[in-house]
Every structure is written in C-alpha cells, then in structure tokens.
$ cat work-v4.txt   # compact mmCIF, C-alpha atoms
# COMPACT_ATOMS: atom_id res chain seq x y z
CA MET C 21 0.00 0.00 0.00
CA LEU C 22 1.40 3.37 -1.00
CA ILE C 23 0.28 6.39 0.97
CA ALA C 24 1.38 9.81 -0.21
CA LEU C 25 3.44 11.86 2.17
CA HIS C 26 2.07 15.21 3.25
CA GLN C 27 4.34 18.08 4.12
CA CYS C 28 3.57 21.04 6.31
CA PHE C 29 5.59 24.06 7.31
CA ILE C 30 5.37 25.81 10.66
CA ASP C 31 7.51 28.82 11.57
CA ASN C 32 9.52 28.26 8.35
CA PHE C 33 11.62 25.36 9.56
CA ILE C 34 9.37 22.55 10.82
CA TYR C 35 8.57 19.77 8.38
CA CYS C 36 5.82 17.26 9.16
CA LYS C 37 5.66 13.87 7.45
CA THR C 38 3.19 11.03 7.57
CA GLY C 39 3.07 7.90 5.49
CA VAL C 40 4.34 4.43 4.74
CA ASN C 41 6.38 3.33 1.73
CA ALA C 42 5.68 6.70 0.19
CA ILE C 43 7.24 7.77 -3.06
CA ASP C 44 8.41 11.23 -2.08
CA ASP C 45 9.88 13.55 -4.69
CA ASP C 46 9.73 16.54 -2.32
CA ILE C 47 13.05 17.75 -0.98
CA ASN C 48 13.24 19.47 2.40
CA THR C 49 15.57 22.46 2.16
CA ILE C 50 17.70 23.11 5.25
CA TYR C 51 20.69 25.38 5.88
CA THR C 52 24.15 24.90 7.34
CA THR C 53 24.58 26.02 10.99
CA GLU C 54 20.79 26.49 11.37
CA LEU C 55 18.43 24.29 13.37
CA PHE C 56 15.95 22.15 11.45
CA HIS C 57 13.46 19.61 12.72
CA THR C 58 11.19 17.15 10.97
CA ALA C 59 8.17 15.57 12.65
CA TYR C 60 7.51 12.05 11.35
CA TRP C 61 4.14 10.58 12.40
CA LEU C 62 3.76 6.84 13.05
CA ASN C 63 -0.04 6.68 12.82
CA ASP C 64 -0.07 5.60 9.17
CA THR C 65 2.61 3.02 9.85
CA ALA C 66 0.39 1.46 12.52
CA ARG C 67 -2.52 1.33 10.09
CA HIS C 68 -0.24 -0.23 7.48
CA PHE C 69 0.40 -3.05 9.98
CA ASN C 70 -3.38 -3.40 10.53
CA GLN C 71 -3.19 -2.31 14.14
CA SER C 72 -3.71 0.94 16.01
CA ASP C 73 -0.93 0.78 18.59
CA TYR C 74 1.90 2.97 17.30
CA GLU C 75 3.76 2.41 20.60
CA GLN C 76 4.85 -1.05 19.48
CA ILE C 77 6.56 0.33 16.37
CA ASP C 78 10.33 0.79 16.47
CA ILE C 79 12.20 2.97 14.01
CA MET C 80 15.77 2.50 12.76
CA PRO C 81 16.92 5.57 10.78
CA MET C 82 20.18 5.85 8.84
CA LEU C 83 21.86 7.87 6.13
CA ALA C 84 21.33 6.01 2.85
CA GLY C 85 24.25 3.64 2.33
CA TYR C 86 25.51 3.98 5.92
CA PRO C 87 24.65 2.25 9.21
CA ASP C 88 23.76 5.42 11.16
CA LEU C 89 22.55 8.99 10.86
CA PRO C 90 24.98 11.82 10.05
CA SER C 91 26.83 12.90 13.19
CA TRP C 92 24.98 16.25 13.20
CA MET C 93 21.49 14.73 12.92
CA MET C 94 19.62 13.26 15.90
CA PHE C 95 16.20 11.77 16.46
CA TYR C 96 13.91 11.91 19.47
CA ARG C 97 10.76 10.06 20.45
CA ARG C 98 8.90 10.74 23.68
CA SER C 99 7.31 7.76 25.42
CA HIS C 100 3.68 7.20 24.35
CA SER C 101 3.99 9.72 21.50
CA PRO C 102 3.15 8.96 17.85
CA ILE C 103 5.77 11.45 16.63
CA VAL C 104 9.46 10.91 15.90
CA TYR C 105 11.52 14.09 15.53
CA PHE C 106 14.61 14.35 13.36
CA TYR C 107 16.60 17.46 14.20
CA GLY C 108 20.03 19.02 14.18
CA SER C 109 22.22 21.59 12.46
CA PRO C 110 24.38 20.75 9.43
CA PRO C 111 27.89 22.18 9.87
CA LYS C 112 29.63 24.32 7.28
CA GLY C 113 30.84 22.35 4.29
CA GLU C 114 28.03 19.77 4.47
CA ASP C 115 25.93 21.27 1.68
CA GLY C 116 24.44 18.83 -0.81
CA ASP C 117 21.58 16.33 -1.08
CA ILE C 118 21.12 13.48 1.39
CA GLU C 119 18.52 10.76 1.88
CA ILE C 120 17.51 9.32 5.24
CA GLU C 121 16.23 5.76 5.13
CA MET C 122 13.99 4.37 7.87
CA ILE C 123 13.17 0.78 8.75
CA LEU C 124 9.93 0.58 10.74
CA ILE C 125 9.32 -2.64 12.68
CA ASP C 126 6.35 -3.93 14.65
CA ARG C 127 8.22 -5.41 17.61
CA PHE C 128 5.48 -7.98 18.33
CA THR C 129 4.76 -9.34 14.86
CA PHE C 130 8.15 -8.43 13.29
CA ASN C 131 6.34 -6.99 10.28
CA HIS C 132 8.45 -4.26 8.78
CA THR C 133 8.39 -1.60 6.10
CA LYS C 134 10.62 1.22 4.86
CA ASP C 135 10.29 4.94 4.30
CA ARG C 136 12.63 7.81 3.51
CA LEU C 137 13.17 11.55 3.89
CA HIS C 138 15.05 13.75 1.42
CA TYR C 139 17.03 16.84 2.37
CA ARG C 140 18.84 19.48 0.36
CA ILE C 141 21.45 21.27 2.46
CA LEU C 142 22.33 24.80 1.35
CA SER C 143 25.08 27.05 2.68
CA LYS C 144 23.65 29.83 4.83
CA ASN C 145 24.62 33.24 3.46
CA GLU C 146 25.43 34.83 6.81
CA THR C 147 26.41 32.51 9.65
CA TYR C 148 26.66 33.31 13.32
CA LYS C 149 29.88 34.44 14.99
CA TYR C 150 28.57 34.44 18.55
CA GLU C 151 26.37 31.85 20.24
CA VAL C 152 24.41 31.72 23.50
CA GLN C 153 23.45 28.50 25.26
CA ILE C 154 20.36 28.37 27.49
CA LYS C 155 19.37 25.27 29.48
CA LEU C 156 15.70 24.88 30.43
CA PHE C 157 14.07 22.94 33.27
CA ASP C 158 11.08 20.60 32.97
CA ILE C 159 10.52 20.73 29.21
CA ASP C 160 11.42 18.39 26.40
CA LEU C 161 12.00 18.66 22.68
CA GLU C 162 8.42 17.77 21.78
CA ASP C 163 7.06 20.50 24.09
CA PHE C 164 9.39 23.06 22.54
CA ILE C 165 8.39 22.19 18.98
CA GLN C 166 4.69 21.40 19.38
CA GLN C 167 4.00 24.51 21.46
CA ASN C 168 6.09 26.68 19.11
CA ARG C 169 8.23 27.88 22.02
CA SER C 170 10.97 28.88 19.59
CA LYS C 171 9.02 32.07 18.81
CA SER C 172 9.02 33.14 22.47
CA MET C 173 12.70 32.31 22.83
CA MET C 174 13.62 34.34 19.75
CA ASP C 175 11.50 37.27 20.97
CA ILE C 176 13.49 37.34 24.20
CA PHE C 177 16.80 37.56 22.39
CA ARG C 178 15.76 39.88 19.56
CA ARG C 179 13.96 42.40 21.76
CA ARG C 180 15.51 42.12 25.22
CA LEU C 181 18.97 40.54 25.30
CA TRP C 182 20.61 40.94 21.89
CA ARG C 183 18.35 43.79 20.77
CA THR C 184 19.34 43.56 17.12
CA ASN C 185 17.75 43.37 13.69
CA ALA C 186 20.84 41.63 12.34
CA THR C 187 20.97 37.91 11.61
CA ILE C 188 19.92 35.91 14.67
CA TYR C 189 18.61 32.35 14.61
CA LEU C 190 18.36 29.04 16.46
CA THR C 191 21.51 27.03 15.83
CA ASN C 192 20.65 23.77 17.62
CA LEU C 193 18.71 21.88 20.29
CA TYR C 194 20.14 19.18 22.56
CA GLN C 195 18.89 16.70 25.09
CA PRO C 196 21.00 17.69 28.13
CA SER C 197 22.18 14.12 28.80
CA LYS C 198 23.66 13.98 25.28
CA ILE C 199 26.13 16.79 26.01
CA GLY C 200 27.25 15.99 29.54
CA PHE C 201 24.45 17.21 31.82
CA SER C 202 22.78 14.93 34.36
CA PHE C 203 19.21 13.67 34.35
CA PRO C 204 16.89 15.32 36.92
CA LEU C 205 16.92 13.69 40.35
CA ASP C 206 13.11 13.55 40.29
CA PRO C 207 12.13 10.76 37.84
CA THR C 208 8.76 12.42 37.20
CA GLU C 209 10.42 15.59 35.90
CA LYS C 210 11.14 16.03 32.22
CA GLU C 211 14.79 15.98 31.23
CA GLY C 212 14.97 19.58 30.09
CA LEU C 213 16.37 21.06 26.90
CA VAL C 214 19.48 22.92 25.80
CA VAL C 215 18.79 25.69 23.28
CA ARG C 216 21.47 27.51 21.30
CA ILE C 217 20.96 30.86 19.57
CA GLY C 218 23.51 32.49 17.27
CA SER C 219 24.05 35.96 15.84
CA VAL C 220 26.55 37.92 13.78
CA GLU C 221 26.39 40.71 16.37
CA PRO C 222 28.82 40.77 19.33
CA TYR C 223 27.50 40.06 22.81
CA THR C 224 25.60 42.91 24.42
CA PRO C 225 26.38 44.17 27.94
CA GLU C 226 23.26 42.28 29.12
CA LEU C 227 24.61 38.95 27.87
CA LEU C 228 28.09 39.58 29.25
CA LYS C 229 26.55 40.43 32.62
CA LEU C 230 24.64 37.13 32.61
CA GLU C 231 27.91 35.32 31.95
CA ASP C 232 29.44 36.95 35.04
CA GLU C 233 26.36 36.32 37.20
CA THR C 234 26.20 32.60 36.40
CA MET C 235 29.92 31.90 36.73
CA VAL C 236 29.60 31.20 40.48
CA ILE C 237 27.18 28.28 40.00
CA ARG C 238 28.44 26.91 36.70
CA HIS C 239 29.86 23.71 38.17
CA ARG C 240 27.03 22.96 40.60
CA ASN C 241 25.49 19.54 39.96
CA PRO C 242 22.57 19.40 40.31
CA CYS C 243 21.92 23.06 39.68
CA PRO C 244 20.08 24.86 42.52
CA LYS C 245 16.60 25.53 41.15
CA ARG C 246 16.05 28.32 43.64
CA PHE C 247 18.87 30.34 42.09
CA ARG C 248 16.97 33.36 40.79
CA LEU C 249 19.57 36.09 41.11
CA THR C 250 20.23 36.83 37.45
CA THR C 251 19.06 40.10 36.00
CA ALA C 252 17.25 38.27 33.17
CA GLU C 253 15.29 35.74 35.25
CA TYR C 254 12.08 37.79 35.14
CA ILE C 255 12.27 38.07 31.32
CA PHE C 256 12.23 34.30 30.89
CA ARG C 257 9.54 33.93 33.56
CA GLU C 258 7.31 36.29 31.60
CA HIS C 259 7.49 33.78 28.73
CA LYS C 260 7.00 30.80 31.07
CA PHE C 261 10.54 29.45 30.68
CA ARG C 262 12.30 27.96 33.71
CA VAL C 263 16.01 28.47 33.17
CA ASP C 264 18.77 26.28 34.59
CA TRP C 265 21.38 29.03 34.94
CA CYS C 266 24.15 26.50 35.59
CA GLY C 267 23.93 25.67 31.89
CA PHE C 268 24.24 29.24 30.60
CA ARG C 269 27.20 29.72 28.25
CA LEU C 270 28.58 32.18 25.73
CA HIS C 271 30.45 30.64 22.79
CA THR C 272 32.40 32.19 19.97
CA VAL C 273 32.46 30.52 16.58
CA GLU C 274 36.03 29.30 17.12
CA ASN C 275 35.16 27.07 20.09
CA VAL C 276 31.71 25.85 19.04
CA THR C 277 31.59 22.14 18.25
CA LYS C 278 28.56 21.25 16.13
CA ASP C 279 28.88 17.48 16.58
CA GLU C 280 28.78 17.19 20.37

$ encode --input "work-v4.txt" --output "structure tokens"
Amino acid sequence: MLIALHQCFIDNFIYCKTGVNAIDDDINTIYTTELFHTAYWLNDTARHFNQSDYEQIDIMPMLAGYPDLPSWMMFYRRSHSPIVYFYGSPPKGEDGDIEIEMILIDRFTFNHTKDRLHYRILSKNETYKYEVQIKLFDIDLEDFIQQNRSKSMMDIFRRRLWRTNATIYLTNLYQPSKIGFSFPLDPTEKEGLVVRIGSVEPYTPELLKLEDETMVIRHRNPCPKRFRLTTAEYIFREHKFRVDWCGFRLHTVENVTKDE
C-alpha cells in the first residue's frame, strides 16, 4: 500500500511527514549552521500493519548507504507519543543532497516496512559568529516544537537581550544528557532542553553580565533551582521558561563544536 506523504511548514523550519512506503519527490531544504526539525508521524505506519498501537513500532533511521545517521542529525521520540523528531544543524561544508532511510518494525509481529526523507542542504549566506546556550528545566524537545516555544525564545533575544535586527537564529537543540548534563533527580520531571541561539552581532552588555552572574554556580550539579539572582530571570519567567542558569554559556564561533 502506497500512501502519499504530506508536508507542512510551521515557523519556516518545521517539516511534518506522515506515510508508509511513500514515493516522495519533495526535498526538504535546510541550511548549514541552522536548526531544522522534521516531525515524522507513526499513525499511518500502525494502520499499514493493521493495528492501532503505534507504541509497538520501532524505528531505525540511517543515512542512505551507511549504518547510522549523520553525526549532526539526531532523532527523538517521547514515550507514548506517535511522533518521531529528526533534528540538528548541518555544519559548514556539508551542503548537498542526502537521503535518510527508515526501517519501521512492529516489535510484536516483526512486520516491517521502509520509508525515507530527502534533504537538500544549502550554505547559509550569513552565519553566526557568537552563540548563546540556554538550558531549560522541565521541558522536552516535543514541548518546545509542538508549542512553538521557539518564537518566544527568539523574541526574548531579539527584543531584550541581543536587541538587534541583524541575523539571529536558532543554531541547535540538545537533550541535556547527550552533552554531559545529568538527568533530573526527580524521575517524574522532564529531562529539560538545551537551546542555542547564534548571531553575527557581538554580545551585548546584558549577555556579558549574565555570563558573570552565572559563573559562580556553573559547576554545581545538580543546579540549585532556587537560584533566581540573574538580572534576566524575570524576562524568561514572563514567557513561562524555567532556566537552569548553571547551563548558561557564551560561545564564539572558534570554540563551538557542532557534533557534540
């Protein structure tokens, strides 16, 4: 059974896919150094297997012709969710066309099928020279994408912290445990999320002040959640973000590693 893939665009960089064994001539255009994410829905795969439980479907993605995804591309699936997210940020020099193959398996019946995603990577005209890292409490990648929290985050930086009309954009998202942070001590709490924002403009006095303010707790593990002494805490609270200030960092382009 061939089911056509449907593509949707939200906030210019979210791609949504559904389907099984689809013949897809559409190419998703993404840019070097800039965050992309693709939402792949498993509902149609479950129907393809003549069952409604998408939770028993496993997915094995890989770059076509290779055993794994590119080092800069990750995938995330929340427990009990029908959505798999592919996300990341292609580094400079990775422009070109790639194809992601997926093997989808019903772990109880061992029925399987295949699907694929196509990407065209273009070089971004103006890439960031300065990057800010923010770590958030009690949120995960699906929350951030589904609730379109990127808009609120960008508003904070464009209007309050960087205060610039120059190039500014999301450069990447990370699960904290993937880049050296610990899981929350409370097992009922969501892992959190690391967000990185880049700009061509130098750091403002506000950002440099935050760097100084958070230096004293940078190596605390776990981070004290009651630490609310930064001058920007109220700005993030207004947008309903809970910031883990132990994870705040300023990076320059020379010491940013895209494949952490």

$ closest_atom_pairs --input "work-v4.txt" --of "region 186-227 of chain C" --to "region 129-150 of chain C" --cutoff "12 Å" --atoms "only C-alpha atoms" --output "tab-separated table"
residue	atom	partner	partner_atom	distance
C:Ala186	CA	C:Glu146	CA	9.9
C:Thr187	CA	C:Glu146	CA	7.2
C:Ile188	CA	C:Tyr148	CA	7.3
C:Tyr189	CA	C:Tyr148	CA	8.2
C:Leu190	CA	C:Tyr148	CA	9.8
C:Thr191	CA	C:Tyr148	CA	8.5
C:Arg216	CA	C:Tyr150	CA	10.3
C:Ile217	CA	C:Tyr150	CA	8.5
C:Gly218	CA	C:Tyr148	CA	5.1
C:Ser219	CA	C:Tyr148	CA	4.5
C:Val220	CA	C:Tyr148	CA	4.6
C:Glu221	CA	C:Tyr150	CA	7.0
C:Pro222	CA	C:Tyr150	CA	6.4
C:Tyr223	CA	C:Tyr150	CA	7.1
C:Thr224	CA	C:Tyr150	CA	10.7
C:Leu227	CA	C:Tyr150	CA	11.1

$ atom_distance --input "work-v4.txt" --atom1 "CA of Asp115 (chain C)" --atom2 "CA of Lys171 (chain C)"
26.4 Å

$ closest_residue --input "work-v4.txt" --among "C:Met93, C:Ile159, C:Glu226, C:Gly200" --to "Arg179 (chain C)" --atoms "all atoms listed in the file"
C:Glu226

$ closest_residue --input "work-v4.txt" --among "C:Gln166, C:Thr272, C:Gln153, C:Thr234" --to "Ala59 (chain C)" --atoms "all atoms listed in the file"
C:Gln166

$ atom_distance --input "work-v4.txt" --atom1 "CA of Ile79 (chain C)" --atom2 "CA of Leu124 (chain C)"
4.6 Å

$ closest_residue --input "work-v4.txt" --among "C:Gln195, C:Asn48, C:Thr58, C:Gln76" --to "Phe157 (chain C)" --atoms "only C-alpha atoms"
C:Gln195

$ atom_distance --input "work-v4.txt" --atom1 "CA of Glu209 (chain C)" --atom2 "CA of Pro244 (chain C)"
14.9 Å

$ closest_residue --input "work-v4.txt" --among "C:Ile255, C:Val152, C:Leu193, C:Cys266" --to "Met235 (chain C)" --atoms "all atoms listed in the file"
C:Cys266

$ residues_around --input "work-v4.txt" --residues "Glu211 (chain C)" --least-positions-apart "2" --cutoff "7 Å" --atoms "all atoms listed in the file" --output "number ranges by chain"
C: 158-160, 203-204, 209, 213

$ closest_residue --input "work-v4.txt" --among "C:Thr250, C:Asn192, C:Asn168, C:Ser202" --to "Met94 (chain C)" --atoms "only C-alpha atoms"
C:Asn192

$ residues_around --input "work-v4.txt" --residues "Pro102 (chain C)" --least-positions-apart "6" --cutoff "10 Å" --atoms "all atoms listed in the file" --output "number ranges by chain"
C: 59-66, 73-75, 77

$ residues_around --input "work-v4.txt" --residues "Pro90 (chain C)" --least-positions-apart "2" --cutoff "10 Å" --atoms "only C-alpha atoms" --output "VMD selection string"
chain C and resid 82 to 84 86 to 88 92 to 94 108 110 118 120 279

$ closest_residue --input "work-v4.txt" --among "C:Tyr105, C:Phe261, C:Trp182, C:Phe177" --to "Glu162 (chain C)" --atoms "all atoms listed in the file"
C:Tyr105
